[in-house]
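**Q** Before anything else, here's the structure in question.
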Amino acid sequence: MRIPKLEALYRLIDWWNIENPNNYISKLKLDLSPIDQNSWLSGFAEADGNFYLKWDKSQKSKLILYRPINIIYYFRLSQREYYKRKMDPNLTKVSNKILMEKIAKCLKTELIFINRTRINWIEKAYLIKTDRVESKDKLFSYFDDYPLFGYKYFACNNLKKRHYLIRTSEYKTEEGKLKFEKYSNLMKYDSMKHNWSHLNKFYDI
């Protein structure tokens with residue numbers, strides 16, 4: 001584990017070891033290895049990440065099929081500014097900044113600080129968006145090595161296919177336009193369209 005919430009895991013392990021002395025669990029240290037060297041970020045993305053896509057259709061003529069325009073897509077990951085146990089106000093606040101900076105650097109993008117007023121509270125958080133071509137390339141390369149396994153797998157896989165259509169300009173061709181819309185429709189999980197055969201490779205990475 002890399003996040004400050006490691007202390008919560010330690011408390012759980014302490015409880016377990018007291019209740020189950022014959023099944024002792026050892027505590028592992030904070031993971032300081034490079035972000036892209038194991039599947040930790042994949043699990044983090046399953047929990048707190050999401051994929052965004054927005055696009056419009058150009059006007060269609062009698063001879064030419066519409067083409068995708070105003071395409072915006074990225075992976076988004078955010079964490080609040082500090083980790084703090086609500087049950088223990090005396091616990092020192094631990095910033096998530098260093099970890100989020102490492103993830104942003106790994107994904108070749110910038111770390112954004114959010115400070116905005118909500119109805120009853122002020123939101124302060126760190127945000128990562130893969131809004132550059134090189135950051136998208138890095139993201140999909142990482143997920144090729146350490147894939148997602150939950151329902152976000154379908155969003156990631158189909159967004160990656162659209163990414164390559166854009167990178168090669170294939171989305172401008174008649175066949176590419178049809179592929180682009182097909183992948184868009186498959187981005188959201190649908191039990192009638194998707195299957196979970198990718199789970200056959202679970203941890204076989």
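The chains in the structure tokens are called A, B, ... from first to last as shown; in each chain the residues are counted from 1, and the ligands are counted from 1 in the order shown.
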Using DSSP on the backbone coordinates, identify the residues of stretch 67-159 of chain A assigned to alpha helix (DSSP H); present them as an MDAnalysis selection string.

**A** chainID A and resid 97:106 133:145 152:159

**Q** Output N, CA, C and O atoms for every residue in that selection, as a compact mmCIF listing (two decimals), in the first residue's frame.

**A**
```txt
# COMPACT_ATOMS: atom_id res chain seq x y z
N LYS A 97 -0.46 14.94 -1.16
CA LYS A 97 0.19 15.63 -2.27
C LYS A 97 1.35 14.84 -2.86
O LYS A 97 1.46 14.70 -4.08
N ILE A 98 2.24 14.33 -2.00
CA ILE A 98 3.44 13.65 -2.51
C ILE A 98 3.05 12.43 -3.35
O ILE A 98 3.60 12.22 -4.45
N LEU A 99 2.09 11.65 -2.87
CA LEU A 99 1.66 10.48 -3.62
C LEU A 99 1.04 10.88 -4.95
O LEU A 99 1.35 10.31 -6.00
N MET A 100 0.17 11.89 -4.93
CA MET A 100 -0.50 12.31 -6.16
C MET A 100 0.50 12.91 -7.15
O MET A 100 0.34 12.77 -8.37
N GLU A 101 1.53 13.56 -6.66
CA GLU A 101 2.58 14.07 -7.55
C GLU A 101 3.32 12.92 -8.23
O GLU A 101 3.65 13.02 -9.42
N LYS A 102 3.55 11.85 -7.50
CA LYS A 102 4.23 10.69 -8.09
C LYS A 102 3.37 10.07 -9.19
O LYS A 102 3.89 9.67 -10.25
N ILE A 103 2.07 9.96 -8.94
CA ILE A 103 1.17 9.39 -9.95
C ILE A 103 1.11 10.29 -11.18
O ILE A 103 1.18 9.81 -12.32
N ALA A 104 1.00 11.60 -10.96
CA ALA A 104 0.96 12.54 -12.07
C ALA A 104 2.23 12.47 -12.91
O ALA A 104 2.18 12.47 -14.15
N LYS A 105 3.37 12.39 -12.24
CA LYS A 105 4.64 12.29 -12.96
C LYS A 105 4.71 10.99 -13.75
O LYS A 105 5.17 10.97 -14.90
N CYS A 106 4.26 9.90 -13.15
CA CYS A 106 4.25 8.61 -13.84
C CYS A 106 3.40 8.66 -15.10
O CYS A 106 3.76 8.12 -16.14
N VAL A 133 -1.74 13.87 -24.99
CA VAL A 133 -1.58 12.66 -25.80
C VAL A 133 -0.60 11.71 -25.14
O VAL A 133 -0.85 10.51 -25.01
N GLU A 134 0.55 12.25 -24.68
CA GLU A 134 1.56 11.39 -24.07
C GLU A 134 1.08 10.78 -22.76
O GLU A 134 1.46 9.66 -22.41
N SER A 135 0.23 11.49 -22.03
CA SER A 135 -0.29 10.94 -20.78
C SER A 135 -1.30 9.83 -21.06
O SER A 135 -1.37 8.84 -20.33
N LYS A 136 -2.07 9.97 -22.13
CA LYS A 136 -3.00 8.92 -22.52
C LYS A 136 -2.23 7.68 -22.99
O LYS A 136 -2.58 6.54 -22.66
N ASP A 137 -1.17 7.90 -23.77
CA ASP A 137 -0.33 6.78 -24.22
C ASP A 137 0.23 6.01 -23.02
O ASP A 137 0.22 4.78 -22.98
N LYS A 138 0.74 6.77 -22.03
CA LYS A 138 1.32 6.13 -20.84
C LYS A 138 0.26 5.38 -20.06
O LYS A 138 0.49 4.26 -19.58
N LEU A 139 -0.92 5.98 -19.91
CA LEU A 139 -2.01 5.36 -19.16
C LEU A 139 -2.39 4.02 -19.75
O LEU A 139 -2.46 3.00 -19.04
N PHE A 140 -2.65 4.00 -21.06
CA PHE A 140 -3.10 2.76 -21.68
C PHE A 140 -1.99 1.71 -21.75
O PHE A 140 -2.26 0.51 -21.68
N SER A 141 -0.76 2.17 -21.85
CA SER A 141 0.37 1.24 -21.80
C SER A 141 0.44 0.57 -20.42
O SER A 141 0.69 -0.64 -20.32
N TYR A 142 0.22 1.37 -19.37
CA TYR A 142 0.24 0.82 -18.01
C TYR A 142 -0.88 -0.20 -17.83
O TYR A 142 -0.66 -1.29 -17.29
N PHE A 143 -2.09 0.13 -18.29
CA PHE A 143 -3.21 -0.79 -18.11
C PHE A 143 -3.09 -2.03 -19.00
O PHE A 143 -3.74 -3.04 -18.75
N ASP A 144 -2.28 -1.96 -20.04
CA ASP A 144 -1.98 -3.18 -20.81
C ASP A 144 -1.16 -4.14 -19.95
O ASP A 144 -1.34 -5.36 -20.02
N ASP A 145 -0.24 -3.57 -19.17
CA ASP A 145 0.61 -4.40 -18.30
C ASP A 145 -0.12 -4.83 -17.02
O ASP A 145 0.07 -5.95 -16.55
N LYS A 152 -14.97 -1.14 -14.72
CA LYS A 152 -14.26 -0.06 -15.39
C LYS A 152 -13.35 -0.58 -16.50
O LYS A 152 -12.86 0.21 -17.33
N TYR A 153 -13.12 -1.89 -16.51
CA TYR A 153 -12.34 -2.50 -17.59
C TYR A 153 -12.96 -2.17 -18.94
O TYR A 153 -12.24 -1.87 -19.91
N PHE A 154 -14.28 -2.21 -19.03
CA PHE A 154 -14.96 -1.99 -20.30
C PHE A 154 -14.81 -0.54 -20.76
O PHE A 154 -14.60 -0.27 -21.95
N ALA A 155 -14.90 0.40 -19.83
CA ALA A 155 -14.71 1.80 -20.18
C ALA A 155 -13.28 2.04 -20.64
O ALA A 155 -13.03 2.71 -21.65
N CYS A 156 -12.32 1.48 -19.92
CA CYS A 156 -10.91 1.66 -20.25
C CYS A 156 -10.58 1.04 -21.61
O CYS A 156 -9.95 1.67 -22.46
N ASN A 157 -11.03 -0.18 -21.83
CA ASN A 157 -10.70 -0.89 -23.06
C ASN A 157 -11.26 -0.19 -24.29
O ASN A 157 -10.58 -0.05 -25.31
N ASN A 158 -12.50 0.27 -24.20
CA ASN A 158 -13.11 0.92 -25.36
C ASN A 158 -12.62 2.35 -25.54
O ASN A 158 -12.54 2.84 -26.67
N LEU A 159 -12.24 3.01 -24.45
CA LEU A 159 -11.64 4.33 -24.59
C LEU A 159 -10.27 4.21 -25.24
O LEU A 159 -9.88 5.06 -26.04
```

**Q** Stretch 29-46 of chain A: which residues within 6 Å, counting only C-alpha atoms, same-chain residues fewer than 6 positions away excluded, as a list in words?

**A**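 The neighbour list is Met1, Arg2, Tyr146 and Leu148 of chain A.
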
**Q** With distances taken over only C-alpha atoms, which of A:Thr173, A:Leu77, A:Asn22, A:Asn200 is nearest to A:Phe149?

**A**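 Ranked by minimum distance to A:Phe149, first place goes to A:Asn200.
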
**Q** Taking into account only C-alpha atoms, which residue in the set A:Thr109, A:Thr168, A:Ser78, A:Ser95 is nearest to A:Asn50?

**A**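 So, comparing all the options, the nearest one is A:Ser78.
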
**Q** Going by DSSP on the backbone, which bits of stretch 55-177 of chain A are strand (DSSP E or B)? Write them as a count of residues only, please.

**A** 35

**Q** Give the answer as one residue: which of A:Lys188, A:Arg67, A:Arg11, A:Lys54 has the shortest atom-to-atom distance to A:Glu174, using only C-alpha atoms?

**A**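 Distance minimum relative to A:Glu174 lands on A:Arg67.
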
**Q** Could you give me, as a ChimeraX atom specification, the residues within 10 Å of A:Asp190, counting only C-alpha atoms and dropping anything in the same chain fewer than 4 positions from it?

**A** /A:151,154,185-186,194-195

**Q** One number please: atom CA of A:Ile3 to atom CA of A:Asn96, in Å, one decimal.

**A**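 Value for the atom CA of A:Ile3-atom CA of A:Asn96 distance: 7.4 Å.
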
**Q** Tell me which of A:Arg162, A:Lys182, A:Lys108, A:Lys5 sits closest to A:Tyr82, counting only C-alpha atoms.

**A** A:Lys5

**Q** Just the residues within 7 Å of A:Arg76, please, counting only C-alpha atoms, with nothing from its chain fewer than 4 positions along; format it as an mmCIF file with all heavy atoms, in the first residue's frame.

**A**
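The file below, around-v8.cif, is the result:
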```cif
data_model
loop_
_atom_site.group_PDB
_atom_site.id
_atom_site.type_symbol
_atom_site.label_atom_id
_atom_site.label_comp_id
_atom_site.auth_asym_id
_atom_site.auth_seq_id
_atom_site.Cartn_x
_atom_site.Cartn_y
_atom_site.Cartn_z
ATOM 1 N N GLY A 49 -10.859 6.010 -9.535
ATOM 2 C CA GLY A 49 -10.686 6.629 -10.845
ATOM 3 C C GLY A 49 -11.939 6.527 -11.698
ATOM 4 O O GLY A 49 -12.857 5.767 -11.391
ATOM 5 N N ASN A 50 -11.988 7.303 -12.755
ATOM 6 C CA ASN A 50 -13.077 7.174 -13.723
ATOM 7 C C ASN A 50 -12.624 7.665 -15.094
ATOM 8 O O ASN A 50 -11.636 8.408 -15.216
ATOM 9 C CB ASN A 50 -14.336 7.925 -13.249
ATOM 10 C CG ASN A 50 -14.103 9.401 -13.017
ATOM 11 O OD1 ASN A 50 -13.978 10.169 -13.962
ATOM 12 N ND2 ASN A 50 -14.033 9.814 -11.753
ATOM 13 N N PHE A 51 -13.349 7.256 -16.102
ATOM 14 C CA PHE A 51 -13.023 7.598 -17.484
ATOM 15 C C PHE A 51 -14.112 8.518 -18.050
ATOM 16 O O PHE A 51 -15.298 8.266 -17.864
ATOM 17 C CB PHE A 51 -12.918 6.333 -18.329
ATOM 18 C CG PHE A 51 -11.809 5.422 -17.902
ATOM 19 C CD1 PHE A 51 -12.034 4.453 -16.927
ATOM 20 C CD2 PHE A 51 -10.544 5.536 -18.442
ATOM 21 C CE1 PHE A 51 -11.017 3.608 -16.514
ATOM 22 C CE2 PHE A 51 -9.514 4.699 -18.029
ATOM 23 C CZ PHE A 51 -9.748 3.736 -17.065
ATOM 24 N N ILE A 128 -5.867 14.537 -10.910
ATOM 25 C CA ILE A 128 -5.023 14.133 -12.033
ATOM 26 C C ILE A 128 -5.918 13.855 -13.226
ATOM 27 O O ILE A 128 -6.911 13.131 -13.109
ATOM 28 C CB ILE A 128 -4.210 12.872 -11.685
ATOM 29 C CG1 ILE A 128 -3.179 13.177 -10.601
ATOM 30 C CG2 ILE A 128 -3.516 12.311 -12.929
ATOM 31 C CD1 ILE A 128 -2.512 11.940 -10.030
ATOM 32 N N LYS A 129 -5.586 14.452 -14.364
ATOM 33 C CA LYS A 129 -6.324 14.215 -15.608
ATOM 34 C C LYS A 129 -5.326 13.916 -16.726
ATOM 35 O O LYS A 129 -4.372 14.660 -16.914
ATOM 36 C CB LYS A 129 -7.160 15.440 -15.993
ATOM 37 C CG LYS A 129 -8.330 15.724 -15.076
ATOM 38 C CD LYS A 129 -8.946 17.075 -15.360
ATOM 39 C CE LYS A 129 -9.489 17.182 -16.758
ATOM 40 N NZ LYS A 129 -10.175 18.481 -16.990
ATOM 41 N N THR A 130 -5.552 12.845 -17.450
ATOM 42 C CA THR A 130 -4.672 12.515 -18.576
ATOM 43 C C THR A 130 -5.182 13.247 -19.820
ATOM 44 O O THR A 130 -5.721 12.648 -20.743
ATOM 45 C CB THR A 130 -4.632 10.996 -18.821
ATOM 46 O OG1 THR A 130 -5.984 10.526 -19.034
ATOM 47 C CG2 THR A 130 -4.040 10.256 -17.643
#
```

**Q** Report, in Å with one decimal, the straight-line distance from atom CA of A:Leu6 to atom CA of A:Gly150.

**A**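 A separation of 22.8 Å between them.
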